[in-house]
Amino acid sequence: MLAEHLSYVEDVQRTRLFTQAVERVVKANDDVLDLGCGVGILGLLCLQGSAKSVIGVDKTAIVEIASRVYAVVSRTKRSGPVRMDASRFLLSDRVDLIVCDHVGYFGLDYGILKMLKDARRRFLKMGGRIVPQGLGLHLAPVGGQQSSRIARGWTREGIPAGFHALNAYTVNTKHAVELRLEDVLGLPALLGEIDFMTETRESFSYKAELTITRGGKLEGLAGWFDCTLCEGVTMTNSPLRHDRINRSQAFFPIEEAIEVSDGDRLRVTMAMRPDENVFAWTLEHVPTGRRFRQSTLQGEILDADDLRRARPDHVPVPTVDARAGAIVLGYCDGRLSLREIEEAVLHDHPDLFPTPEAIRDFVRSWLAGWTR
């Protein structure tokens, strides 16, 4: 977890751009909400500026680090991170500014849209501000060794033939990729722009026509973003920009790599429900008429039980773990300690799991996840 957040903090370009945005947007005595605060870098920038208070929200234990970070500069200002899913968080007073960097590889694929739609409705004052303000989504044809290794991984030399069919899952999956300039085989198309202050859609559908400007082997499509933090400050993960931040692009493979030449036209579509991480893309190579249709729904590994449980007419019943969890929670009366609950469950339900060790492990993990 810390290694991931270190990569954010040590991204000098990202920090520089957010610093510029904070300097332009934060006003004296602003109350700020930092959504998905992580180690607290954005809240720290606000506290170092003119913000009066910062509240950070993150659903992971990383908020303990944010608490220490805030304390360094907030002795005269109100601050405090809260460990909770933002959708369940309650705030007594609305804030002047919301900051958030849940910008995914393809802009919307890390939950930022759903998070900000909820937050601006429940937390933001009238006339309040959001950083980032919005973003544009770009799509381009790509090739290169890294894309090939991802897209054709299960069919590479040395992989037993019995595993080759698994490539059907790989080519229906959105991947993170680190593209080089020479991997991009044509100019990108701007699919659309999202305004985080007004956007209400849950699904998006785009069409574009791309032209090959560098012949080679086409492995699929790549997506990236240009994100407007505030007026005059934009960050991007575009492989075409030398000033990009250190964030991967999104790679959408096609079923089979094809040779393309300068001037070839491609007709592409991209449909997505980013809050559900569902993406579907098509690519038509106009000169040959070859057409590819992929979807992350086809890339999911599901068994018959998964499909059955997803049906609207399915009648759910508690699992073994759910029934056992209900038994454990029944002992949480506000007086018994963890050790006392373990002993009580072992005494009263010795057959809950095959061994006493399994029962103890379950009690501890269940209480860690479902109690405070």
# chains A, B, ... in the order shown; residues from 1 in each chain; ligands from 1
$ closest_atom_pairs --of "segment 182-241 of chain A" --to "segment 250-260 of chain A" --cutoff "9 Å" --atoms "only C-alpha atoms" --output "CSV"
residue,atom,partner,partner_atom,distance
A:Leu185,CA,A:Val260,CA,8.9
A:Ile212,CA,A:Val260,CA,7.2
A:Arg214,CA,A:Val260,CA,8.3
A:Gly215,CA,A:Val260,CA,5.3
A:Gly216,CA,A:Val260,CA,5.5
A:Lys217,CA,A:Glu259,CA,4.5
A:Leu218,CA,A:Ile258,CA,5.3
A:Glu219,CA,A:Ala257,CA,4.7
A:Gly220,CA,A:Pro253,CA,4.2
A:Leu221,CA,A:Phe252,CA,5.1
A:Ala222,CA,A:Phe251,CA,4.5
A:Gly223,CA,A:Ala250,CA,5.0
A:Trp224,CA,A:Ala250,CA,6.4
$ residues_around --residues "segment 46-55 of chain A" --least-positions-apart "2" --cutoff "9 Å" --atoms "only C-alpha atoms" --output "list in words"
Thr19, Val22, Glu23, Val26, Lys27, Ala28, Asn29, Asp30, Asp31, Val32, Leu33, Asp34, Leu35, Cys37, Ile41, Leu42, Gly43, Leu44, Val57, Tyr70, Val73, Ser74, Thr76, Lys77, Arg78, Ser79, Gly80, Pro81 and Val82 of chain A
$ closest_atom_pairs --of "segment 100-150 of chain A" --to "segment 172-182 of chain A" --cutoff "12 Å" --atoms "only C-alpha atoms" --output "CSV"
residue,atom,partner,partner_atom,distance
A:Gly104,CA,A:Ala176,CA,9.9
A:Tyr105,CA,A:Ala176,CA,7.1
A:Phe106,CA,A:Ala176,CA,9.3
A:Asp109,CA,A:Lys174,CA,9.9
A:Ala140,CA,A:Leu179,CA,11.4
A:Pro141,CA,A:Glu182,CA,11.3
A:Val142,CA,A:Leu179,CA,8.6
A:Gly143,CA,A:Glu182,CA,8.5
A:Gly144,CA,A:Glu182,CA,7.7
A:Gln145,CA,A:Leu179,CA,9.7
A:Gln146,CA,A:Val177,CA,7.4
A:Ser147,CA,A:Val177,CA,7.2
A:Ser148,CA,A:Val177,CA,10.8
A:Arg149,CA,A:Val177,CA,10.6
A:Ile150,CA,A:His175,CA,7.9
$ select_by_dssp --residues "segment 102-331 of chain A" --states "alpha helix (DSSP H)" --output "PyMOL selection string"
chain A and resi 112-122+145-151+167-170+304-310+320-329
$ residues_around --residues "segment 336-341 of chain A" --least-positions-apart "4" --cutoff "9 Å" --atoms "only C-alpha atoms" --output "JSON, numbers by chain"
{"A": [328, 331, 332, 345, 346, 363, 364, 367]}
$ closest_residue --among "A:Asp348, A:Asp305, A:Asp275, A:Asp85" --to "Lys59 of chain A" --atoms "only C-alpha atoms"
A:Asp85
$ closest_residue --among "A:Leu190, A:Val9, A:Ile62, A:Ala168" --to "Ser238 of chain A" --atoms "only C-alpha atoms"
A:Leu190
$ select_by_dssp --residues "segment 81-133 of chain A" --states "strand (DSSP E)" --output "ChimeraX atom specification"
/A:81-83,95-100,124-131
$ write_last_selection --atoms "N, CA, C and O atoms" --output "CSV table (one decimal), in the first residue's frame"
chain,number,residue,atom,x,y,z
A,81,PRO,N,-8.3,13.1,9.3
A,81,PRO,CA,-8.8,12.1,8.3
A,81,PRO,C,-9.8,11.1,9.0
A,81,PRO,O,-9.7,10.8,10.2
A,82,VAL,N,-10.7,10.5,8.2
A,82,VAL,CA,-11.7,9.6,8.7
A,82,VAL,C,-11.6,8.3,7.8
A,82,VAL,O,-11.6,8.4,6.6
A,83,ARG,N,-11.5,7.2,8.5
A,83,ARG,CA,-11.5,5.9,7.7
A,83,ARG,C,-13.0,5.5,7.5
A,83,ARG,O,-13.7,5.0,8.4
A,95,VAL,N,-18.7,22.1,2.8
A,95,VAL,CA,-17.4,22.6,2.6
A,95,VAL,C,-17.3,23.6,1.4
A,95,VAL,O,-18.2,23.6,0.5
A,96,ASP,N,-16.3,24.4,1.3
A,96,ASP,CA,-16.1,25.3,0.2
A,96,ASP,C,-15.4,24.6,-1.0
A,96,ASP,O,-15.6,25.0,-2.1
A,97,LEU,N,-14.6,23.6,-0.7
A,97,LEU,CA,-13.8,23.0,-1.8
A,97,LEU,C,-13.7,21.5,-1.6
A,97,LEU,O,-13.5,21.0,-0.4
A,98,ILE,N,-13.8,20.7,-2.6
A,98,ILE,CA,-13.6,19.3,-2.6
A,98,ILE,C,-12.4,19.0,-3.5
A,98,ILE,O,-12.3,19.5,-4.7
A,99,VAL,N,-11.4,18.3,-3.0
A,99,VAL,CA,-10.2,17.9,-3.8
A,99,VAL,C,-10.2,16.4,-3.9
A,99,VAL,O,-10.6,15.7,-3.0
A,100,CYS,N,-9.8,15.8,-5.1
A,100,CYS,CA,-9.8,14.4,-5.3
A,100,CYS,C,-8.9,14.0,-6.4
A,100,CYS,O,-8.9,14.7,-7.5
A,124,LEU,N,-21.0,19.9,-0.8
A,124,LEU,CA,-20.5,21.1,-1.3
A,124,LEU,C,-21.4,22.3,-1.1
A,124,LEU,O,-22.6,22.2,-1.3
A,125,LYS,N,-20.9,23.4,-0.6
A,125,LYS,CA,-21.7,24.6,-0.4
A,125,LYS,C,-22.1,25.2,-1.8
A,125,LYS,O,-21.5,24.9,-2.8
A,126,MET,N,-23.2,25.9,-1.8
A,126,MET,CA,-23.6,26.7,-3.0
A,126,MET,C,-22.4,27.6,-3.4
A,126,MET,O,-21.9,28.3,-2.6
A,127,GLY,N,-22.0,27.5,-4.7
A,127,GLY,CA,-20.9,28.3,-5.1
A,127,GLY,C,-19.6,27.6,-4.8
A,127,GLY,O,-18.5,28.3,-5.1
A,128,GLY,N,-19.6,26.4,-4.3
A,128,GLY,CA,-18.3,25.7,-3.9
A,128,GLY,C,-17.6,25.3,-5.2
A,128,GLY,O,-18.1,25.4,-6.3
A,129,ARG,N,-16.4,24.8,-5.0
A,129,ARG,CA,-15.5,24.4,-6.1
A,129,ARG,C,-15.0,23.0,-5.9
A,129,ARG,O,-15.0,22.4,-4.8
A,130,ILE,N,-14.6,22.4,-7.1
A,130,ILE,CA,-14.1,21.0,-7.1
A,130,ILE,C,-12.7,21.1,-7.9
A,130,ILE,O,-12.6,21.7,-8.9
A,131,VAL,N,-11.7,20.4,-7.3
A,131,VAL,CA,-10.5,20.1,-8.0
A,131,VAL,C,-10.3,18.6,-8.1
A,131,VAL,O,-10.2,18.0,-7.0
$ residues_around --residues "Glu4 of chain A" --least-positions-apart "4" --cutoff "12 Å" --atoms "only C-alpha atoms" --output "list in words"
Tyr8, Val9, Glu10, Asp11, Gly38, Val39, Ile62, Asn246 and Arg247 of chain A
$ write_last_selection --atoms "N, CA, C and O atoms" --output "PDB file, in the first residue's frame"
ATOM      1  N   TYR A   8       2.777   8.140  -5.983  1.00  0.00           N
ATOM      2  CA  TYR A   8       2.018   9.374  -6.181  1.00  0.00           C
ATOM      3  C   TYR A   8       2.795  10.576  -5.636  1.00  0.00           C
ATOM      4  O   TYR A   8       2.910  11.616  -6.294  1.00  0.00           O
ATOM      5  N   VAL A   9       3.315  10.423  -4.426  1.00  0.00           N
ATOM      6  CA  VAL A   9       3.967  11.554  -3.763  1.00  0.00           C
ATOM      7  C   VAL A   9       5.265  11.939  -4.470  1.00  0.00           C
ATOM      8  O   VAL A   9       5.613  13.124  -4.561  1.00  0.00           O
ATOM      9  N   GLU A  10       6.012  10.935  -4.980  1.00  0.00           N
ATOM     10  CA  GLU A  10       7.281  11.245  -5.623  1.00  0.00           C
ATOM     11  C   GLU A  10       7.117  11.676  -7.082  1.00  0.00           C
ATOM     12  O   GLU A  10       8.099  11.977  -7.751  1.00  0.00           O
ATOM     13  N   ASP A  11       5.882  11.726  -7.564  1.00  0.00           N
ATOM     14  CA  ASP A  11       5.617  12.220  -8.914  1.00  0.00           C
ATOM     15  C   ASP A  11       5.682  13.745  -8.877  1.00  0.00           C
ATOM     16  O   ASP A  11       4.711  14.432  -8.557  1.00  0.00           O
ATOM     17  N   GLY A  38      -5.840   9.105   0.734  1.00  0.00           N
ATOM     18  CA  GLY A  38      -4.561   8.398   0.750  1.00  0.00           C
ATOM     19  C   GLY A  38      -3.692   8.881   1.897  1.00  0.00           C
ATOM     20  O   GLY A  38      -4.140   9.021   3.037  1.00  0.00           O
ATOM     21  N   VAL A  39      -2.421   9.169   1.612  1.00  0.00           N
ATOM     22  CA  VAL A  39      -1.504   9.637   2.653  1.00  0.00           C
ATOM     23  C   VAL A  39      -1.679  11.115   2.958  1.00  0.00           C
ATOM     24  O   VAL A  39      -1.001  11.653   3.831  1.00  0.00           O
ATOM     25  N   ILE A  62      -4.713   3.586   5.393  1.00  0.00           N
ATOM     26  CA  ILE A  62      -3.720   4.605   5.042  1.00  0.00           C
ATOM     27  C   ILE A  62      -4.046   5.951   5.675  1.00  0.00           C
ATOM     28  O   ILE A  62      -3.185   6.831   5.775  1.00  0.00           O
ATOM     29  N   ASN A 246       3.290  10.668 -13.933  1.00  0.00           N
ATOM     30  CA  ASN A 246       3.723   9.261 -13.912  1.00  0.00           C
ATOM     31  C   ASN A 246       2.513   8.364 -13.654  1.00  0.00           C
ATOM     32  O   ASN A 246       2.326   7.844 -12.550  1.00  0.00           O
ATOM     33  N   ARG A 247       1.674   8.210 -14.676  1.00  0.00           N
ATOM     34  CA  ARG A 247       0.490   7.361 -14.558  1.00  0.00           C
ATOM     35  C   ARG A 247       0.315   6.584 -15.858  1.00  0.00           C
ATOM     36  O   ARG A 247       0.444   7.142 -16.940  1.00  0.00           O
TER      37      ARG A 247
END
$ atom_distance --atom1 "atom CA of Asp262 of chain A" --atom2 "atom CA of Leu137 of chain A"
24.1 Å
$ atom_distance --atom1 "atom CA of Leu191 of chain A" --atom2 "atom CA of His138 of chain A"
5.7 Å
$ residues_around --residues "Thr282 of chain A" --least-positions-apart "2" --cutoff "6 Å" --atoms "only C-alpha atoms" --output "compact mmCIF listing (two decimals) with N, CA and C atoms, in the first residue's frame"
# COMPACT_ATOMS: atom_id res chain seq x y z
N VAL A 268 -13.82 3.27 -34.84
CA VAL A 268 -13.83 2.69 -33.50
C VAL A 268 -15.03 3.21 -32.71
N THR A 269 -15.46 2.40 -31.76
CA THR A 269 -16.47 2.82 -30.80
C THR A 269 -15.97 2.45 -29.41
N PHE A 292 -13.34 -6.05 -35.13
CA PHE A 292 -13.12 -6.70 -33.83
C PHE A 292 -14.08 -6.09 -32.82
N ARG A 293 -14.64 -6.95 -31.99
CA ARG A 293 -15.59 -6.52 -30.96
C ARG A 293 -15.17 -7.15 -29.62
$ atom_distance --atom1 "atom CA of Leu17 of chain A" --atom2 "atom CA of Asp101 of chain A"
11.8 Å
$ closest_residue --among "A:Arg290, A:Arg309, A:Arg14, A:Lys207" --to "Thr234 of chain A" --atoms "only C-alpha atoms"
A:Arg14
$ closest_residue --among "A:Asp226, A:Glu300, A:Asp306, A:Glu231" --to "Gly136 of chain A" --atoms "only C-alpha atoms"
A:Asp226
